[in-house]
$ cat input09.cif   # mmCIF, C-alpha atoms and all ligand atoms
data_work
loop_
_atom_site.label_atom_id
_atom_site.label_comp_id
_atom_site.auth_asym_id
_atom_site.auth_seq_id
_atom_site.Cartn_x
_atom_site.Cartn_y
_atom_site.Cartn_z
CA MET L 1471 9.78 7.37 -22.34
CA THR L 1472 10.13 4.89 -19.53
CA TYR L 1473 6.62 3.43 -19.67
CA PRO L 1474 5.53 1.09 -22.43
CA LYS L 1475 3.01 2.49 -24.90
CA PHE L 1476 -0.03 0.91 -23.30
CA LEU L 1477 0.49 2.82 -20.09
CA ARG L 1478 -1.56 5.95 -20.47
CA THR L 1479 -1.75 8.98 -18.28
CA VAL L 1480 -5.06 9.87 -16.71
CA LEU L 1481 -5.66 13.00 -14.74
CA LEU L 1482 -8.23 12.83 -11.99
CA PHE L 1483 -9.47 16.01 -10.46
CA ALA L 1484 -10.62 15.65 -6.89
CA ALA L 1485 -13.76 17.72 -6.54
CA ALA L 1486 -13.77 20.55 -4.05
CA SER L 1487 -10.05 20.34 -3.37
CA ARG L 1488 -7.42 22.93 -3.96
CA LEU L 1489 -5.08 22.10 -6.81
CA THR L 1490 -1.93 22.38 -4.78
CA SER L 1491 -0.02 19.21 -5.47
CA ALA L 1492 0.06 16.48 -8.05
CA LEU L 1493 0.33 12.86 -7.02
CA SER L 1494 0.80 10.14 -9.53
CA PHE L 1495 -0.29 6.55 -9.19
CA THR L 1496 0.70 3.54 -11.21
CA VAL L 1497 -2.48 1.56 -11.83
CA ALA L 1498 -2.79 -1.58 -13.96
CA ASN L 1499 -5.70 -4.03 -14.11
CA GLY L 1500 -7.31 -2.14 -11.23
CA GLN L 1501 -4.34 -2.65 -8.90
CA ILE L 1502 -2.24 0.18 -7.55
CA TYR L 1503 1.50 -0.46 -7.48
CA THR L 1504 3.39 0.81 -4.43
CA PRO L 1505 7.00 1.60 -3.57
CA GLY L 1506 7.25 -1.83 -1.97
CA LEU L 1507 6.39 -5.50 -2.34
CA ALA L 1508 2.68 -5.15 -1.52
CA ILE L 1509 0.19 -4.23 -4.23
CA LEU L 1510 -3.00 -2.37 -3.33
CA ASN L 1511 -6.25 -3.87 -4.66
CA SER L 1512 -8.55 -1.38 -2.98
CA PRO L 1513 -9.59 1.28 -2.25
CA GLN L 1514 -8.75 3.26 -5.36
CA PRO L 1515 -7.21 6.72 -4.87
CA GLY L 1516 -9.79 9.47 -4.58
CA THR L 1517 -12.70 7.25 -3.50
CA PRO L 1518 -15.40 8.60 -1.15
CA LEU L 1519 -15.69 6.14 1.73
CA GLY L 1520 -17.99 5.40 4.64
CA GLY L 1521 -20.12 2.49 5.83
CA GLU L 1522 -19.49 0.31 8.84
CA LEU L 1523 -15.77 -0.08 8.30
CA ILE L 1524 -12.96 0.63 5.89
CA GLU L 1525 -11.39 -2.31 4.10
CA VAL L 1526 -7.88 -2.06 2.68
CA SER L 1527 -7.05 -5.00 0.43
CA LEU L 1528 -3.35 -5.71 -0.12
CA ASP L 1529 -1.69 -8.42 -2.17
CA VAL L 1530 1.42 -9.27 -0.14
CA SER L 1531 2.78 -11.80 -2.64
CA THR L 1532 3.68 -9.21 -5.29
CA ASN L 1533 1.06 -10.92 -7.47
CA GLY L 1534 2.52 -14.37 -6.87
CA ARG L 1535 6.23 -13.59 -7.14
CA LEU L 1536 6.99 -13.48 -3.42
CA PRO L 1537 6.20 -16.50 -1.22
CA LEU L 1538 4.20 -16.01 1.97
CA PRO L 1539 5.87 -15.87 5.39
CA PRO L 1540 7.51 -17.54 7.18
CA TYR L 1541 10.24 -16.68 4.71
CA PRO L 1542 13.40 -18.75 4.46
CA GLU L 1543 16.03 -17.12 6.65
CA ASP L 1544 18.31 -16.33 3.72
CA SER L 1545 15.55 -14.87 1.56
CA PRO L 1546 16.96 -11.80 -0.22
CA SER L 1547 13.43 -10.38 -0.47
CA LYS L 1548 10.71 -10.30 2.21
CA ILE L 1549 8.16 -8.06 3.86
CA HIS L 1550 9.26 -7.39 7.46
CA ASN L 1551 5.98 -5.75 8.42
CA ILE L 1552 3.27 -3.37 7.24
CA THR L 1553 1.69 -0.61 9.31
CA ILE L 1554 -1.20 1.62 8.27
CA PHE L 1555 -2.36 5.00 9.58
CA LEU L 1556 -5.21 7.27 8.53
CA TYR L 1557 -4.22 10.91 8.68
CA SER L 1558 -5.18 14.32 7.41
CA TYR L 1559 -3.45 17.68 7.35
CA THR L 1560 -6.93 19.13 6.81
CA THR L 1561 -8.42 17.84 10.05
CA GLY L 1562 -5.13 17.51 11.94
CA ARG L 1563 -5.87 13.88 12.82
CA ASN L 1564 -3.61 10.82 12.66
CA PHE L 1565 -5.23 7.52 13.64
CA THR L 1566 -3.69 4.08 14.01
CA ILE L 1567 -5.23 1.46 11.73
CA SER L 1568 -2.43 -1.01 12.50
CA ASN L 1569 0.89 -0.43 14.24
CA GLY L 1570 1.58 -4.13 14.66
CA THR L 1571 0.07 -4.42 18.14
CA ALA L 1572 -3.67 -4.90 18.46
CA SER L 1573 -5.43 -2.66 20.98
CA ALA L 1574 -8.59 -3.50 22.98
CA ASN L 1575 -11.49 -4.81 20.82
CA ASP L 1576 -9.27 -4.49 17.74
CA ALA L 1577 -9.80 -0.74 17.69
CA SER L 1578 -6.36 -0.79 16.10
CA LEU L 1579 -5.19 -3.99 14.47
CA GLY L 1580 -2.29 -6.40 14.98
CA GLU L 1581 0.45 -7.21 12.46
CA ILE L 1582 -1.08 -7.31 9.00
CA MET L 1583 1.34 -9.94 7.65
CA LEU L 1584 0.12 -12.39 10.33
CA GLN L 1585 -3.58 -12.08 9.60
CA GLU L 1586 -5.35 -14.51 7.24
CA PRO L 1587 -2.40 -16.95 7.18
CA GLY L 1588 -2.13 -18.74 3.86
CA SER L 1589 -3.84 -15.93 1.99
CA THR L 1590 -1.84 -13.80 -0.42
CA VAL L 1591 -4.39 -11.01 0.01
CA LYS L 1592 -4.79 -9.33 3.41
CA HIS L 1593 -8.19 -7.68 3.93
CA VAL L 1594 -7.51 -5.07 6.57
CA LYS L 1595 -10.87 -4.21 8.15
CA TRP L 1596 -10.97 -1.29 10.54
CA ILE L 1597 -14.08 0.04 12.25
CA TRP L 1598 -14.46 3.80 11.74
CA PRO L 1599 -13.92 5.54 15.08
CA ASP L 1600 -16.60 7.72 16.65
CA CYS L 1601 -15.53 11.18 15.49
CA LEU L 1602 -15.96 10.19 11.82
CA VAL L 1603 -19.70 9.51 12.23
CA GLY L 1604 -21.83 11.59 9.86
CA ASP L 1605 -23.22 11.77 6.35
CA GLY L 1606 -21.87 13.77 3.42
CA GLN L 1607 -19.28 16.53 3.29
CA PRO L 1608 -18.19 18.05 6.60
CA THR L 1609 -20.49 20.94 7.51
CA GLU L 1610 -18.83 22.27 10.64
CA LEU L 1611 -15.39 23.80 10.77
CA ASP L 1612 -14.19 21.48 13.51
CA SER L 1613 -15.52 18.32 11.85
CA ASP L 1614 -13.12 15.40 11.65
CA ARG L 1615 -14.69 14.18 8.40
CA GLY L 1616 -13.30 15.02 4.97
CA ALA L 1617 -10.01 14.44 3.14
CA TYR L 1618 -7.64 11.79 4.50
CA ASN L 1619 -4.70 9.67 3.42
CA ILE L 1620 -4.49 5.97 4.06
CA SER L 1621 -0.77 5.83 4.84
CA ILE L 1622 0.64 2.40 4.02
CA ARG L 1623 4.10 1.85 5.46
CA GLN L 1624 6.15 -1.09 4.31
CA SER L 1625 9.30 -2.33 5.95
CA PHE L 1626 10.79 -4.78 3.50
CA ARG L 1627 13.90 -6.26 1.95
CA LEU L 1628 14.30 -6.16 -1.80
CA ASN L 1629 17.17 -8.14 -3.30
CA GLY L 1630 19.26 -7.90 -0.15
CA GLU L 1631 18.56 -4.26 0.68
CA ASP L 1632 16.25 -3.07 3.47
CA HIS L 1633 13.77 -0.25 2.86
CA TYR L 1634 11.04 1.60 4.71
CA THR L 1635 8.59 3.34 2.42
CA ILE L 1636 5.40 5.34 2.84
CA PHE L 1637 2.59 5.17 0.30
CA ASP L 1638 -0.25 7.63 0.85
CA VAL L 1639 -3.61 6.91 -0.78
CA PRO L 1640 -5.99 9.89 -0.69
CA ILE L 1641 -9.63 9.15 0.13
CA SER L 1642 -12.50 11.26 1.33
CA VAL L 1643 -14.48 10.27 4.37
CA THR L 1644 -17.76 11.69 3.10
CA ASN L 1645 -20.11 8.72 2.85
CA ARG L 1646 -22.53 7.81 5.63
CA ILE L 1647 -21.03 6.42 8.84
CA GLU L 1648 -23.70 5.52 11.35
CA GLU L 1649 -23.51 6.29 15.02
CA ARG L 1650 -23.05 3.15 17.08
CA PHE L 1651 -22.32 2.62 20.71
CA GLU L 1652 -19.40 0.24 20.04
CA ARG L 1653 -17.33 2.55 17.82
CA PRO L 1654 -13.78 2.99 19.12
CA SER L 1655 -13.01 6.44 20.41
CA CYS L 1656 -10.85 8.61 18.18
CA ASP L 1657 -8.82 9.68 21.17
CA ALA L 1658 -7.72 6.11 21.88
CA LEU L 1659 -6.35 5.85 18.33
CA LYS L 1660 -4.73 9.22 17.94
CA ASN L 1661 -1.06 9.91 17.24
CA PRO L 1662 0.88 13.14 16.86
CA LEU L 1663 0.76 14.56 13.32
CA LEU L 1664 4.24 15.17 11.97
CA SER L 1665 5.17 17.84 9.43
CA PRO L 1666 5.72 16.86 5.78
CA GLU L 1667 9.44 17.60 6.31
CA ALA L 1668 9.65 15.21 9.26
CA ILE L 1669 7.80 12.58 7.24
CA ARG L 1670 10.16 13.00 4.30
CA ALA L 1671 13.12 12.51 6.59
CA SER L 1672 11.61 9.35 8.13
CA ALA L 1673 11.45 7.07 5.11
CA ASP L 1674 12.90 6.20 1.68
CA PHE L 1675 11.17 8.38 -0.88
CA ASP L 1676 13.45 7.43 -3.76
CA VAL L 1677 11.88 4.00 -4.23
CA PRO L 1678 9.54 4.12 -7.25
CA ALA L 1679 6.35 2.09 -7.71
CA LEU L 1680 7.62 -1.45 -8.23
CA PHE L 1681 6.59 -4.45 -10.32
CA ALA L 1682 3.92 -2.81 -12.48
CA PRO L 1683 3.57 -4.40 -15.94
CA GLY L 1684 6.63 -3.41 -17.93
CA ASP L 1685 8.84 -2.88 -14.86
CA SER L 1686 11.99 -4.88 -15.46
CA THR L 1687 12.95 -5.16 -11.77
CA VAL L 1688 13.74 -8.80 -11.00
CA LEU L 1689 12.55 -10.04 -7.59
CA GLU L 1690 15.11 -12.37 -6.06
CA THR L 1691 13.75 -14.90 -3.57
CA SER L 1692 15.55 -17.88 -2.12
CA GLU L 1693 13.48 -19.97 -4.52
CA SER L 1694 14.88 -18.08 -7.49
CA THR L 1695 16.94 -20.36 -9.63
CA GLY L 1696 18.09 -18.43 -12.63
CA ASN L 1697 15.09 -19.19 -14.81
CA GLY L 1698 13.45 -15.87 -14.26
CA GLY L 1699 14.91 -14.94 -10.93
CA ASP L 1700 11.58 -14.01 -9.43
CA GLY L 1701 10.31 -17.28 -8.03
CA LEU L 1702 7.75 -17.75 -10.79
CA GLY L 1703 9.24 -20.65 -12.68
CA PRO L 1704 9.78 -24.24 -11.59
CA THR L 1705 13.17 -25.17 -10.15
CA ARG L 1706 15.55 -26.05 -12.93
CA PRO L 1707 17.35 -29.29 -12.08
CA GLY L 1708 20.98 -28.62 -11.23
CA ALA L 1709 20.62 -24.88 -10.93
CA GLY L 1710 23.56 -23.64 -8.90
CA SER L 1711 23.12 -20.52 -6.83
CA GLY L 1712 20.05 -20.41 -4.63
CA GLN L 1713 19.61 -16.74 -5.34
CA GLY L 1714 20.22 -16.84 -9.06
CA LEU L 1715 23.06 -14.41 -8.47
CA GLY L 1716 26.05 -16.56 -9.39
CA ALA L 1717 28.19 -15.45 -12.31
CA GLY L 1718 27.18 -18.48 -14.35
CA SER L 1719 23.46 -17.79 -13.99
CA GLY L 1720 23.63 -14.09 -14.76
CA GLN L 1721 22.93 -14.47 -18.45
CA GLY L 1722 20.02 -16.89 -18.05
CA LEU L 1723 18.47 -14.68 -15.39
CA GLY L 1724 18.37 -11.71 -17.70
CA SER L 1725 16.86 -13.45 -20.69
CA GLY L 1726 14.42 -15.50 -18.60
CA ALA L 1727 13.17 -12.41 -16.86
CA SER L 1728 12.64 -10.48 -20.04
CA SER L 1729 10.63 -13.24 -21.69
CA ILE L 1730 8.40 -13.49 -18.60
CA LEU L 1731 7.94 -9.75 -18.69
CA GLY L 1732 7.17 -9.95 -22.39
CA GLU L 1733 4.26 -12.26 -21.68
CA ARG L 1734 2.98 -10.05 -18.92
CA MET L 1735 3.09 -7.05 -21.16
CA THR L 1736 0.88 -8.89 -23.64
CA TRP L 1737 -1.64 -9.79 -20.94
CA GLY L 1738 -1.64 -6.26 -19.64
CA LEU L 1739 -2.03 -4.70 -23.07
CA GLY L 1740 -4.34 -1.77 -23.05
CA LEU L 1741 -5.17 -2.17 -19.37
CA GLY L 1742 -2.42 -0.26 -17.68
CA ILE L 1743 -2.79 3.34 -16.77
CA VAL L 1744 -0.76 5.83 -14.86
CA ALA L 1745 -3.17 8.01 -12.99
CA ALA L 1746 -2.05 11.38 -11.75
CA LEU L 1747 -4.29 12.66 -9.04
CA LEU L 1748 -4.39 16.41 -8.58
CA ILE L 1749 -5.59 17.46 -5.20
C1 LIG L 1801 9.27 -3.71 11.22
O1 LIG L 1801 10.49 -4.34 10.83
C2 LIG L 1801 11.64 -3.53 11.03
C3 LIG L 1801 12.82 -4.29 10.43
O2 LIG L 1801 12.91 -5.58 10.97
C4 LIG L 1801 11.78 -3.26 12.52
O3 LIG L 1801 12.91 -2.42 12.71
C5 LIG L 1801 10.52 -2.56 13.01
O4 LIG L 1801 10.60 -2.38 14.41
C6 LIG L 1801 9.29 -3.38 12.69
N1 LIG L 1801 8.10 -2.61 13.02
C7 LIG L 1801 7.02 -3.17 13.54
C8 LIG L 1801 5.87 -2.26 13.79
O5 LIG L 1801 6.95 -4.35 13.79
C1 LIG L 1802 -2.04 13.30 1.53
O1 LIG L 1802 -0.71 12.98 1.21
C2 LIG L 1802 -0.09 13.88 0.29
C3 LIG L 1802 1.25 13.30 -0.06
O2 LIG L 1802 1.83 12.60 0.97
C4 LIG L 1802 -0.04 15.24 0.95
O3 LIG L 1802 0.57 16.16 0.06
C5 LIG L 1802 -1.45 15.71 1.27
O4 LIG L 1802 -1.42 16.95 1.96
C6 LIG L 1802 -2.12 14.68 2.16
N1 LIG L 1802 -3.56 15.02 2.30
C7 LIG L 1802 -4.13 15.27 3.46
C8 LIG L 1802 -5.59 15.52 3.43
O5 LIG L 1802 -3.51 15.29 4.52
C1 LIG L 1803 -0.40 1.21 18.72
O1 LIG L 1803 -1.54 2.03 18.55
C2 LIG L 1803 -2.40 2.07 19.67
C3 LIG L 1803 -3.60 2.91 19.28
O2 LIG L 1803 -3.20 4.16 18.74
C4 LIG L 1803 -1.65 2.66 20.88
O3 LIG L 1803 -2.49 2.65 22.01
C5 LIG L 1803 -0.40 1.83 21.14
O4 LIG L 1803 0.36 2.45 22.14
C6 LIG L 1803 0.45 1.73 19.88
N1 LIG L 1803 1.51 0.79 20.11
C7 LIG L 1803 2.74 0.98 19.64
C8 LIG L 1803 3.72 -0.12 19.94
O5 LIG L 1803 3.06 1.97 18.98
C1 LIG L 1804 1.08 9.14 12.37
O1 LIG L 1804 1.46 8.46 13.55
C2 LIG L 1804 2.40 7.43 13.39
C3 LIG L 1804 2.62 6.79 14.74
O2 LIG L 1804 3.04 7.71 15.66
C4 LIG L 1804 3.69 8.00 12.81
O3 LIG L 1804 4.62 6.96 12.58
C5 LIG L 1804 3.37 8.69 11.50
O4 LIG L 1804 4.54 9.28 10.94
C6 LIG L 1804 2.31 9.75 11.70
N1 LIG L 1804 1.92 10.31 10.40
C7 LIG L 1804 1.94 11.61 10.19
C8 LIG L 1804 1.54 12.08 8.83
O5 LIG L 1804 2.26 12.40 11.06
#

$ encode --input "input09.cif" --output "structure tokens"
Amino acid sequence: MTYPKFLRTVLLFAAASRLTSALSFTVANGQIYTPGLAILNSPQPGTPLGGELIEVSLDVSTNGRLPLPPYPEDSPSKIHNITIFLYSYTTGRNFTISNGTASANDASLGEIMLQEPGSTVKHVKWIWPDCLVGDGQPTELDSDRGAYNISIRQSFRLNGEDHYTIFDVPISVTNRIEERFERPSCDALKNPLLSPEAIRASADFDVPALFAPGDSTVLETSESTGNGGDGLGPTRPGAGSGQGLGAGSGQGLGSGASSILGERMTWGLGLGIVAALLI
């Protein structure tokens, strides 16, 4: 049993989908933990979406443990960049939400880490492109509406090691999206759709969801000082190694971290769930 007792398993059945694969999500206090340093506030997996735009809300401070960029050069942990795509093996589409370079009229968005400077939460707002206009479930075979994944790709460094991970959040584009002259064209945002095998080969899929309540991973930042090792505590006067990695600080780092985690587990009591989404 790797999860503490208060983490419960919830099975969500996505209506009208074939039960072909099981995806599990680590959810606590309404936040979805990812294989990376960002934490997803919204949308929740399995949500029907529509409206004027889609908003993806990401905490890029690992809930206050990671400072905001610009990071100190020697920081052992940092987010290099985040890209987001919206794709579907059902419709065969793969749209750019952000690839780091904004396109005309922000049809696709610039680097997410650079938006809303000073804010630990990035609200990624992307106008639905024209081919997703409609209301309700897709009715025609060639409709582009229906099941999609928001594919959140994080390039980051964790405790001195670089990673590139992909976190897919299933949503259904079934709510009303109104026709409007200014909607970006789907064709201007489209990318080739790669096979699941090619995707698996392109990223690290052995990184688990990180930093959920009860996760004992310590986040080393250049502000870490040995009193917790994750940048949460004040600087202890006279602390030696900037990374809290020195031999002398090893002991203090362990015990400090576990008492901080102990507190968090108390706050999180009864609120954590692990949701497995069957689609
Ligand atoms: C993201 O950062 C990695 C590592 O620095 C780099 O190789 C990659 O080109 C960057 N991608 C984007 C879209 O900026
Ligand atoms: C969403 O992503 C999962 C896992 O990456 C994949 O198995 C599933 O086919 C994707 N769904 C769609 C609609 O493409
Ligand atoms: C980013 O995405 C836009 C829209 O899909 C595309 O036109 C552009 O070529 C892409 N840029 C890079 C660097 O991939
Ligand atoms: C979607 O397109 C982007 C940009 O070309 C690519 O990096 C990504 O792997 C593609 N996703 C899928 C599922 O093919």

$ residues_near_ligand --input "input09.cif" --ligand "ligand LIG 1804 (chain L)" --cutoff "6 Å" --atoms "only C-alpha atoms and all ligand atoms" --output "compact mmCIF listing (two decimals) with C-alpha atoms, in the coordinates of the input"
# COMPACT_ATOMS: atom_id res chain seq x y z
CA TYR L 1557 -4.22 10.91 8.68
CA ASN L 1564 -3.61 10.82 12.66
CA ASN L 1661 -1.06 9.91 17.24
CA PRO L 1662 0.88 13.14 16.86
CA LEU L 1663 0.76 14.56 13.32
CA LEU L 1664 4.24 15.17 11.97
CA ILE L 1669 7.80 12.58 7.24

$ residues_around --input "input09.cif" --residues "Leu1507 of chain L" --least-positions-apart "4" --cutoff "9 Å" --atoms "all atoms listed in the file" --output "list in words"
Tyr1503, Asp1529, Val1530, Ser1531, Thr1532, Leu1536, Ser1547, Lys1548, Ile1549, Gln1624, Phe1626, Arg1627, Leu1628, Leu1680 and Phe1681 of chain L

$ closest_residue --input "input09.cif" --among "L:Ser1621, L:Ser1665, L:Gln1514, L:Gln1501" --to "Tyr1559 of chain L" --atoms "all atoms listed in the file"
L:Ser1665

$ atom_distance --input "input09.cif" --atom1 "atom CA of Tyr1634 of chain L" --atom2 "atom O5 of ligand LIG 1802 (chain L)"
20.0 Å

$ closest_residue --input "input09.cif" --among "L:Pro1587, L:Pro1654, L:Gly1616, L:Gly1570" --to "ligand LIG 1802 (chain L)" --atoms "all atoms listed in the file"
L:Gly1616

$ atom_distance --input "input09.cif" --atom1 "atom CA of Arg1563 of chain L" --atom2 "atom CA of Asp1657 of chain L"
9.8 Å

$ residues_around --input "input09.cif" --residues "Ile1647 of chain L" --least-positions-apart "2" --cutoff "8 Å" --atoms "all atoms listed in the file" --output "MDAnalysis selection string"
chainID L and resid 1520:1522 1598 1602:1605 1645 1649

$ closest_atom_pairs --input "input09.cif" --of "chain L" --to "ligand LIG 1801 (chain L)" --cutoff "6 Å" --atoms "only C-alpha atoms and all ligand atoms" --output "JSON lines"
{"residue": "L:His1550", "atom": "CA", "partner": "L:LIG1801", "partner_atom": "O1", "distance": 4.7}
{"residue": "L:Asn1551", "atom": "CA", "partner": "L:LIG1801", "partner_atom": "C1", "distance": 4.8}
{"residue": "L:Asn1569", "atom": "CA", "partner": "L:LIG1801", "partner_atom": "C8", "distance": 5.3}
{"residue": "L:Gly1570", "atom": "CA", "partner": "L:LIG1801", "partner_atom": "C8", "distance": 4.8}
{"residue": "L:Ser1625", "atom": "CA", "partner": "L:LIG1801", "partner_atom": "O1", "distance": 5.4}

$ decode --input "input09.cif" --residues "segment 1602-1615 of chain L" --atoms "N, CA, C and O atoms" --output "compact mmCIF listing (two decimals), in the first residue's frame"
# COMPACT_ATOMS: atom_id res chain seq x y z
N LEU L 1602 -14.76 23.27 -34.19
CA LEU L 1602 -15.35 22.71 -32.97
C LEU L 1602 -16.68 23.37 -32.62
O LEU L 1602 -17.32 23.03 -31.62
N VAL L 1603 -17.12 24.30 -33.48
CA VAL L 1603 -18.41 24.96 -33.27
C VAL L 1603 -19.54 23.93 -33.31
O VAL L 1603 -19.51 23.00 -34.12
N GLY L 1604 -20.52 24.08 -32.41
CA GLY L 1604 -21.65 23.16 -32.39
C GLY L 1604 -22.27 23.13 -31.01
O GLY L 1604 -21.90 23.92 -30.14
N ASP L 1605 -23.19 22.21 -30.81
CA ASP L 1605 -23.89 22.11 -29.54
C ASP L 1605 -24.23 20.64 -29.30
O ASP L 1605 -24.89 20.03 -30.13
N GLY L 1606 -23.77 20.08 -28.21
CA GLY L 1606 -24.09 18.70 -27.87
C GLY L 1606 -23.12 17.70 -28.48
O GLY L 1606 -22.06 18.07 -29.00
N GLN L 1607 -23.50 16.42 -28.39
CA GLN L 1607 -22.67 15.36 -28.92
C GLN L 1607 -22.54 15.51 -30.44
O GLN L 1607 -23.45 16.04 -31.08
N PRO L 1608 -21.43 15.01 -31.00
CA PRO L 1608 -21.30 15.07 -32.46
C PRO L 1608 -22.41 14.26 -33.11
O PRO L 1608 -22.77 13.19 -32.61
N THR L 1609 -23.00 14.78 -34.18
CA THR L 1609 -24.09 14.06 -34.84
C THR L 1609 -23.65 13.51 -36.19
O THR L 1609 -24.22 12.55 -36.67
N GLU L 1610 -22.65 14.12 -36.79
CA GLU L 1610 -22.19 13.62 -38.09
C GLU L 1610 -20.89 12.87 -37.92
O GLU L 1610 -20.09 13.18 -37.05
N LEU L 1611 -20.71 11.89 -38.79
CA LEU L 1611 -19.53 11.03 -38.69
C LEU L 1611 -18.23 11.80 -38.81
O LEU L 1611 -17.24 11.47 -38.18
N ASP L 1612 -18.22 12.85 -39.63
CA ASP L 1612 -16.97 13.57 -39.84
C ASP L 1612 -16.84 14.78 -38.93
O ASP L 1612 -16.00 15.65 -39.15
N SER L 1613 -17.66 14.83 -37.88
CA SER L 1613 -17.59 15.97 -36.95
C SER L 1613 -16.25 15.96 -36.23
O SER L 1613 -15.68 14.91 -35.93
N ASP L 1614 -15.74 17.16 -35.93
CA ASP L 1614 -14.50 17.26 -35.16
C ASP L 1614 -14.78 17.37 -33.67
O ASP L 1614 -13.85 17.43 -32.87
N ARG L 1615 -16.06 17.43 -33.28
CA ARG L 1615 -16.39 17.52 -31.86
C ARG L 1615 -16.34 16.13 -31.22
O ARG L 1615 -16.35 15.13 -31.91
